[in-house]
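Novice: This is model-v7.cif (mmCIF, C-alpha atoms).
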data_final
#
loop_
_atom_site.label_atom_id
_atom_site.label_comp_id
_atom_site.auth_asym_id
_atom_site.auth_seq_id
_atom_site.Cartn_x
_atom_site.Cartn_y
_atom_site.Cartn_z
CA MET A 1398 23.70 115.05 -76.36
CA LYS A 1399 22.12 111.61 -76.85
CA ILE A 1400 19.07 110.57 -74.82
CA LEU A 1401 17.29 107.22 -74.55
CA ILE A 1402 13.59 107.25 -73.62
CA VAL A 1403 12.06 103.99 -72.36
CA GLU A 1404 8.28 104.52 -72.32
CA ASP A 1405 5.52 102.06 -73.24
CA GLU A 1406 2.69 104.60 -73.56
CA GLN A 1407 2.77 105.39 -77.28
CA LYS A 1408 1.47 108.97 -77.11
CA THR A 1409 3.76 109.88 -74.19
CA GLY A 1410 6.81 108.30 -75.82
CA ASP A 1411 6.21 109.97 -79.20
CA TYR A 1412 5.52 113.32 -77.52
CA LEU A 1413 8.73 113.18 -75.49
CA LYS A 1414 10.84 112.11 -78.46
CA GLN A 1415 9.48 114.85 -80.70
CA GLY A 1416 9.71 117.54 -78.02
CA LEU A 1417 13.29 116.74 -76.99
CA SER A 1418 14.35 116.41 -80.63
CA GLU A 1419 13.02 119.92 -81.25
CA PHE A 1420 15.28 121.12 -78.42
CA GLY A 1421 18.27 119.75 -80.31
CA PHE A 1422 18.79 116.42 -78.55
CA SER A 1423 19.44 113.14 -80.36
CA VAL A 1424 16.69 110.82 -79.09
CA ASP A 1425 16.06 107.08 -79.26
CA LEU A 1426 12.84 105.48 -78.03
CA ALA A 1427 12.23 101.98 -76.64
CA ARG A 1428 8.72 100.67 -75.92
CA ASN A 1429 9.57 98.06 -73.25
CA GLY A 1430 12.12 97.41 -70.55
CA LEU A 1431 13.94 94.61 -72.36
CA ASP A 1432 14.55 96.70 -75.48
CA GLY A 1433 15.48 99.68 -73.31
CA LEU A 1434 18.05 97.64 -71.39
CA HIS A 1435 19.56 96.33 -74.62
CA LEU A 1436 19.87 99.81 -76.13
CA ALA A 1437 21.27 101.33 -72.93
CA LYS A 1438 24.00 98.68 -72.82
CA SER A 1439 24.84 98.76 -76.53
CA ASP A 1440 25.08 102.51 -77.14
CA ASP A 1441 26.66 105.49 -75.40
CA TYR A 1442 23.86 107.67 -74.01
CA ASP A 1443 24.22 110.85 -71.98
CA LEU A 1444 20.87 110.35 -70.21
CA LEU A 1445 18.15 107.73 -69.77
CA ILE A 1446 14.52 108.78 -69.27
CA LEU A 1447 12.96 105.68 -67.78
CA ASP A 1448 9.33 104.90 -67.03
CA VAL A 1449 8.72 102.69 -64.00
CA MET A 1450 5.76 100.62 -65.20
CA LEU A 1451 7.06 98.84 -68.31
CA PRO A 1452 6.36 95.50 -70.00
CA GLU A 1453 9.03 92.76 -70.08
CA LEU A 1454 11.15 94.44 -67.39
CA ASN A 1455 9.99 97.29 -65.16
CA GLY A 1456 12.04 100.45 -64.75
CA TRP A 1457 13.44 99.39 -61.38
CA GLN A 1458 14.74 96.13 -62.87
CA VAL A 1459 16.29 97.95 -65.83
CA LEU A 1460 18.03 100.45 -63.55
CA GLU A 1461 19.22 97.81 -61.10
CA THR A 1462 20.73 95.76 -63.92
CA LEU A 1463 22.51 98.77 -65.43
CA ARG A 1464 24.00 99.89 -62.12
CA ARG A 1465 25.00 96.34 -61.23
CA GLN A 1466 26.91 96.12 -64.50
CA GLY A 1467 28.70 99.38 -63.80
CA LEU A 1468 26.83 101.68 -66.19
CA GLN A 1469 26.57 105.07 -64.46
CA THR A 1470 24.58 106.95 -67.13
CA PRO A 1471 22.30 109.51 -65.39
CA VAL A 1472 18.71 108.26 -65.07
CA LEU A 1473 15.53 110.32 -64.79
CA PHE A 1474 12.54 108.26 -63.66
CA LEU A 1475 9.07 109.03 -64.99
CA THR A 1476 6.45 107.57 -62.71
CA ALA A 1477 2.74 107.70 -62.02
CA LYS A 1478 3.59 106.51 -58.53
CA ASP A 1479 3.83 109.36 -56.03
CA GLN A 1480 4.34 107.19 -52.96
CA VAL A 1481 7.42 108.06 -50.90
CA GLU A 1482 8.54 104.42 -50.80
CA ASP A 1483 8.48 104.23 -54.60
CA ARG A 1484 10.62 107.33 -54.95
CA VAL A 1485 13.03 106.12 -52.26
CA LYS A 1486 13.34 102.74 -53.98
CA GLY A 1487 14.30 104.34 -57.28
CA LEU A 1488 16.87 106.63 -55.68
CA GLU A 1489 18.38 103.76 -53.67
CA LEU A 1490 18.78 101.74 -56.86
CA GLY A 1491 20.78 104.59 -58.38
CA ALA A 1492 18.30 106.93 -60.07
CA ASP A 1493 19.44 110.55 -60.26
CA ASP A 1494 16.03 112.23 -60.33
CA TYR A 1495 12.34 111.49 -60.78
CA LEU A 1496 9.32 113.24 -62.23
CA VAL A 1497 5.73 112.32 -61.35
CA LYS A 1498 3.15 112.14 -64.15
CA PRO A 1499 1.48 114.29 -65.30
CA PHE A 1500 4.25 116.87 -65.61
CA ALA A 1501 4.95 120.08 -67.51
CA PHE A 1502 7.27 119.56 -70.46
CA SER A 1503 9.22 122.69 -69.48
CA GLU A 1504 10.03 121.09 -66.12
CA LEU A 1505 11.19 117.91 -67.85
CA VAL A 1506 13.54 119.90 -70.09
CA ALA A 1507 14.92 121.80 -67.08
CA ARG A 1508 15.62 118.55 -65.23
CA VAL A 1509 17.15 116.97 -68.32
CA ARG A 1510 19.55 119.88 -68.73
CA THR A 1511 20.50 119.77 -65.03
CA LEU A 1512 21.25 116.04 -65.17
CA LEU A 1513 23.26 116.39 -68.38
CA ARG A 1514 25.42 119.13 -66.80
CA ARG A 1515 25.90 117.00 -63.69
CA GLY A 1516 26.77 113.93 -65.73
CA LYS A 1517 29.31 115.86 -67.78
CA ASN A 1518 31.02 117.12 -64.64
CA GLN A 1519 31.18 113.60 -63.20
CA ILE A 1520 32.72 112.22 -66.37
CA GLU A 1521 35.31 114.98 -66.45
CA SER A 1522 36.31 114.17 -62.86
CA ALA A 1523 38.08 110.81 -62.98
CA THR A 1524 39.49 111.26 -59.47
CA LEU A 1525 37.40 110.94 -56.32
CA ARG A 1526 38.65 112.63 -53.14
CA VAL A 1527 37.61 112.41 -49.50
CA ALA A 1528 39.96 114.17 -47.06
CA ASP A 1529 43.48 112.97 -48.07
CA LEU A 1530 42.15 109.80 -49.71
CA GLU A 1531 42.22 109.76 -53.53
CA LEU A 1532 40.85 107.19 -55.97
CA ASP A 1533 41.76 107.40 -59.65
CA ARG A 1534 39.13 105.50 -61.63
CA LEU A 1535 41.08 105.55 -64.89
CA LYS A 1536 44.42 104.38 -63.48
CA HIS A 1537 42.71 102.13 -60.90
CA ARG A 1538 44.95 103.60 -58.20
CA VAL A 1539 44.29 104.58 -54.58
CA THR A 1540 46.46 106.76 -52.35
CA ARG A 1541 46.09 108.22 -48.88
CA ASN A 1542 48.31 111.01 -47.64
CA GLY A 1543 50.41 110.37 -50.74
CA GLN A 1544 50.95 106.68 -49.93
CA ARG A 1545 49.93 104.07 -52.52
CA ILE A 1546 47.36 101.57 -51.23
CA GLU A 1547 46.96 98.21 -52.94
CA LEU A 1548 43.37 96.97 -53.17
CA THR A 1549 41.70 93.93 -54.68
CA ALA A 1550 39.13 94.50 -57.44
CA LYS A 1551 36.24 94.08 -54.99
CA GLU A 1552 37.86 96.38 -52.44
CA PHE A 1553 38.35 99.00 -55.15
CA SER A 1554 34.68 98.73 -56.17
CA LEU A 1555 33.59 98.95 -52.54
CA LEU A 1556 35.73 102.02 -51.90
CA GLU A 1557 34.50 103.70 -55.09
CA LEU A 1558 30.90 103.13 -53.94
CA PHE A 1559 31.66 104.70 -50.55
CA MET A 1560 33.42 107.69 -52.12
CA ARG A 1561 30.81 108.30 -54.82
CA ARG A 1562 28.11 108.36 -52.16
CA GLN A 1563 30.03 110.15 -49.42
CA GLY A 1564 27.78 111.15 -46.53
CA GLU A 1565 25.03 108.67 -47.49
CA VAL A 1566 24.15 105.71 -45.29
CA LEU A 1567 24.77 102.56 -47.35
CA THR A 1568 22.79 99.54 -46.23
CA ARG A 1569 24.27 96.04 -46.41
CA SER A 1570 21.71 95.06 -49.04
CA LEU A 1571 22.67 98.03 -51.23
CA ILE A 1572 26.39 97.21 -50.92
CA ALA A 1573 25.71 93.56 -51.74
CA SER A 1574 23.73 94.40 -54.89
CA GLN A 1575 26.15 97.09 -56.12
CA VAL A 1576 29.48 95.35 -55.42
CA TRP A 1577 28.75 91.63 -55.29
CA ASP A 1578 25.78 91.41 -57.66
CA MET A 1579 23.81 89.40 -55.11
CA ASN A 1580 20.84 89.68 -52.81
CA PHE A 1581 21.78 90.26 -49.19
CA ASP A 1582 21.61 87.20 -46.97
CA SER A 1583 21.48 88.09 -43.28
CA ASP A 1584 23.27 84.82 -42.46
CA THR A 1585 26.45 85.81 -44.28
CA ASN A 1586 29.08 88.20 -42.99
CA VAL A 1587 30.74 88.89 -46.35
CA ILE A 1588 29.91 92.61 -46.16
CA GLU A 1589 31.29 93.01 -42.64
CA VAL A 1590 34.49 91.15 -43.55
CA ALA A 1591 35.00 93.21 -46.71
CA VAL A 1592 34.46 96.52 -44.91
CA ARG A 1593 36.82 95.45 -42.12
CA ARG A 1594 39.56 94.61 -44.63
CA LEU A 1595 39.06 97.89 -46.47
CA ARG A 1596 39.25 99.81 -43.20
CA SER A 1597 42.51 98.08 -42.31
CA LYS A 1598 44.03 99.44 -45.49
CA ILE A 1599 42.66 102.96 -45.70
CA ASP A 1600 41.84 103.87 -42.08
CA ASP A 1601 43.92 101.96 -39.51
CA ALA A 1602 47.19 103.83 -40.09
CA PHE A 1603 45.60 107.20 -40.85
CA GLU A 1604 43.57 110.03 -39.34
CA PRO A 1605 40.82 110.99 -39.60
CA LYS A 1606 38.87 107.73 -39.83
CA LEU A 1607 36.59 107.78 -42.86
CA ILE A 1608 34.39 104.66 -42.79
CA HIS A 1609 31.92 104.54 -39.90
CA THR A 1610 29.44 101.89 -38.80
CA LEU A 1611 25.90 102.92 -37.97
CA ARG A 1612 24.61 100.03 -35.90
CA GLY A 1613 21.49 98.47 -37.34
CA MET A 1614 21.63 100.71 -40.43
CA GLY A 1615 24.84 100.18 -42.40
CA TYR A 1616 27.94 102.23 -43.14
CA VAL A 1617 28.80 105.77 -44.09
CA MET A 1618 31.94 107.45 -45.38
CA GLU A 1619 32.38 110.93 -43.97
CA VAL A 1620 34.88 113.17 -42.25
CA LYS A 1621 33.57 113.69 -38.76
CA GLU A 1622 34.27 117.00 -37.10
CA ILE A 1623 36.07 116.78 -33.78
#
Translate the structure described by the file into C-alpha cells.
Specialist:
Amino acid sequence: MKILIVEDEQKTGDYLKQGLSEFGFSVDLARNGLDGLHLAKSDDYDLLILDVMLPELNGWQVLETLRRQGLQTPVLFLTAKDQVEDRVKGLELGADDYLVKPFAFSELVARVRTLLRRGKNQIESATLRVADLELDRLKHRVTRNGQRIELTAKEFSLLELFMRRQGEVLTRSLIASQVWDMNFDSDTNVIEVAVRRLRSKIDDAFEPKLIHTLRGMGYVMEVKEI
C-alpha cells in the first residue's frame, strides 16, 4: 500500500514517514501543498494524509483541486483545528476522515488501515446501485429497471455524485464545484436545469422517485419509504 504524507512540520512529517514505513507501508513525503498536489496527481497512491495548514496551497485547496479533477483517493486530514466548521468544511470538500493534533500514533494507524480497506472495497465495486438504478463507471453506462438510459457527460457525472453520496444533502455550491468546476452563482439556474433534466431521464417514467429537492438546502438521492 502506497501512502502520500503532505506535512510541513519537519519533525511530524519525518515521524509519520518513519512510523508508517515500519508498519510496512510505502511512504512519500511532501513539505508543502504545491508539491503534495503534484505528487498526488502524478502517482497512484492508496491514501493521502494531508495537513490543513500548509505553505503554497493549504490542505483544503489541495483536496478541492484533487476532487474537482476526479481523483477519489481516500484522504485523512491532520489538523490542529478542532472547530466544528473546520471539520465540516473538510468533509464537504471530500475528505474521508480527520484526526486532530496531537494524536496517538496507534490511532492514526488504525484509521489508516480502515480507510485503506474502505478504499479497496470502493475500487473493487465499479457499479453503483440505488434501488433499480445502476451506474457502471467503467463502461459509462446507466440502466434503470433493466432499461438503458442515455446521459450526457455532465449528467453522468451529476448522477455519479448523487449515487456515491446517497442519503447526503448536496448543496448547490457543492454540486457546482464537483461537477462544473465553478463557484456557485446564485443568479444562475444551471444546477436546477441540470437536475431537472436528469430527473426526466431517471425518475419521470419510474417508481420510486430517487432525486428529491429539499427547499432552501439542496438535493438528496434516497429511496423514501411509503
Novice: Please tell me which residues are no farther than 8 Å from (21.4, 110.0, -75.8) in the file, counting all atoms listed in the file, and write them as a PyMOL selection string.
Specialist: chain A and resi 1398-1401+1422-1425+1441-1445
Novice: Evaluate the PyMOL selection byres ((chain A and resi 1405) around 7) on the structure here and hand back the selected residues as a list in words.
Specialist: Val1403, Glu1404, Glu1406, Gln1407, Gly1410, Arg1428, Asn1429 and Leu1451 of chain A
Novice: If you apply the PyMOL selection byres ((chain A and resi 1553) around 10) to this file, what residues do you get, as a ChimeraX atom specification?
Specialist: /A:1532,1534,1537-1539,1547-1552,1554-1559,1576,1595
Novice: May I have the selected residues written with C-alpha atoms, as a PDB file, keeping the file's coordinate frame?
Specialist:
ATOM      1  CA  LEU A1532      40.850 107.190 -55.970  1.00  0.00           C
ATOM      2  CA  ARG A1534      39.130 105.500 -61.630  1.00  0.00           C
ATOM      3  CA  HIS A1537      42.710 102.130 -60.900  1.00  0.00           C
ATOM      4  CA  ARG A1538      44.950 103.600 -58.200  1.00  0.00           C
ATOM      5  CA  VAL A1539      44.290 104.580 -54.580  1.00  0.00           C
ATOM      6  CA  GLU A1547      46.960  98.210 -52.940  1.00  0.00           C
ATOM      7  CA  LEU A1548      43.370  96.970 -53.170  1.00  0.00           C
ATOM      8  CA  THR A1549      41.700  93.930 -54.680  1.00  0.00           C
ATOM      9  CA  ALA A1550      39.130  94.500 -57.440  1.00  0.00           C
ATOM     10  CA  LYS A1551      36.240  94.080 -54.990  1.00  0.00           C
ATOM     11  CA  GLU A1552      37.860  96.380 -52.440  1.00  0.00           C
ATOM     12  CA  SER A1554      34.680  98.730 -56.170  1.00  0.00           C
ATOM     13  CA  LEU A1555      33.590  98.950 -52.540  1.00  0.00           C
ATOM     14  CA  LEU A1556      35.730 102.020 -51.900  1.00  0.00           C
ATOM     15  CA  GLU A1557      34.500 103.700 -55.090  1.00  0.00           C
ATOM     16  CA  LEU A1558      30.900 103.130 -53.940  1.00  0.00           C
ATOM     17  CA  PHE A1559      31.660 104.700 -50.550  1.00  0.00           C
ATOM     18  CA  VAL A1576      29.480  95.350 -55.420  1.00  0.00           C
ATOM     19  CA  LEU A1595      39.060  97.890 -46.470  1.00  0.00           C
TER      20      LEU A1595
END
Novice: Please enumerate the residues selected by the PyMOL selection byres ((chain A and resi 1618) around 12) when evaluated against the supplied file, formatted as a ChimeraX atom specification.
Specialist: /A:1526-1528,1530,1555-1567,1592,1595-1596,1599-1600,1605-1611,1615-1617,1619-1621
Novice: Taking 4 positions as the minimum chain separation for residues in the same chain, which residues sit within 9 Å of Arg1464 in chain A when counting all atoms listed in the file? Answer as a list in words.
Specialist: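 Result of the neighbour search: Val1459, Leu1460, Leu1468, Gln1469, Thr1470, Leu1490, Gly1491 and Gln1575 of chain A.
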Novice: How about saving the chosen residues, C-alpha atoms kept, as an mmCIF file, in the frame of the given file?
Specialist:
data_model
loop_
_atom_site.group_PDB
_atom_site.id
_atom_site.type_symbol
_atom_site.label_atom_id
_atom_site.label_comp_id
_atom_site.auth_asym_id
_atom_site.auth_seq_id
_atom_site.Cartn_x
_atom_site.Cartn_y
_atom_site.Cartn_z
ATOM 1 C CA VAL A 1459 16.290 97.950 -65.830
ATOM 2 C CA LEU A 1460 18.030 100.450 -63.550
ATOM 3 C CA LEU A 1468 26.830 101.680 -66.190
ATOM 4 C CA GLN A 1469 26.570 105.070 -64.460
ATOM 5 C CA THR A 1470 24.580 106.950 -67.130
ATOM 6 C CA LEU A 1490 18.780 101.740 -56.860
ATOM 7 C CA GLY A 1491 20.780 104.590 -58.380
ATOM 8 C CA GLN A 1575 26.150 97.090 -56.120
#
Novice: Out of A:Glu1489, A:Val1506, A:Asp1448, A:Gln1458, which residue has the shortest atom-to-atom distance to Phe1420 in chain A when counting only C-alpha atoms?
Specialist: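 Once distances to Phe1420 in chain A are computed over only C-alpha atoms, the minimum belongs to A:Val1506.
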Novice: Enclose range 1546-1565 of chain A, meaning all of its atoms listed in the file, in a box aligned along x, y and z, pad it by 3 Å on each side, and list the centre and edge lengths in Å to one decimal, as AutoDock Vina command-line options.
Specialist:
--center_x 36.2 --center_y 102.5 --center_z -52.0 --size_x 28.3 --size_y 23.2 --size_z 16.9
Novice: Closest to Thr1409 in chain A among A:Arg1593, A:Ala1427, A:Glu1482, A:Glu1531, using all atoms listed in the file?
Specialist: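 Distance minimum relative to Thr1409 in chain A lands on A:Ala1427.
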Novice: Just to confirm, what's the straight-line distance from CA of Ile1402 in chain A to CA of Leu1447 in chain A in Å (one decimal)?
Specialist: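 Answer for the CA of Ile1402 in chain A to CA of Leu1447 in chain A separation: 6.1 Å.
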Novice: Quote the spacing between CA of Val1590 in chain A and CA of Thr1462 in chain A in Å to one decimal place.
Specialist: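 These atoms are spaced 25.0 Å apart.
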Novice: Enter the distance from CA of Ala1501 in chain A to CA of Pro1452 in chain A, in Å, rounded to one decimal.
Specialist: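 Those two atoms sit 24.7 Å apart.
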Novice: In terms of the shortest atom-to-atom distance over all atoms listed in the file, which of A:Glu1504, A:Glu1589, A:Asp1494, A:Asp1529 is closest to Leu1473 in chain A?
Specialist: A:Asp1494
Novice: Measuring atom to atom with only C-alpha atoms, identify which of A:Asp1411, A:Ser1597, A:Val1472, A:Arg1465 is nearest to Thr1511 in chain A.
Specialist: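 Nearest candidate to Thr1511 in chain A out of A:Asp1411, A:Ser1597, A:Val1472, A:Arg1465: A:Val1472.
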Novice: Using all atoms listed in the file for the distances, tell me which of A:Leu1431, A:Leu1436, A:Ala1477, A:Met1614 is nearest to Met1450 in chain A.
Specialist: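 Using all atoms listed in the file, Met1450 in chain A sits closest to A:Ala1477.
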Novice: Which one is closest to Val1449 in chain A: A:Lys1498, A:Arg1515, A:Lys1414, A:Lys1408? Count all atoms listed in the file.
Specialist: A:Lys1498
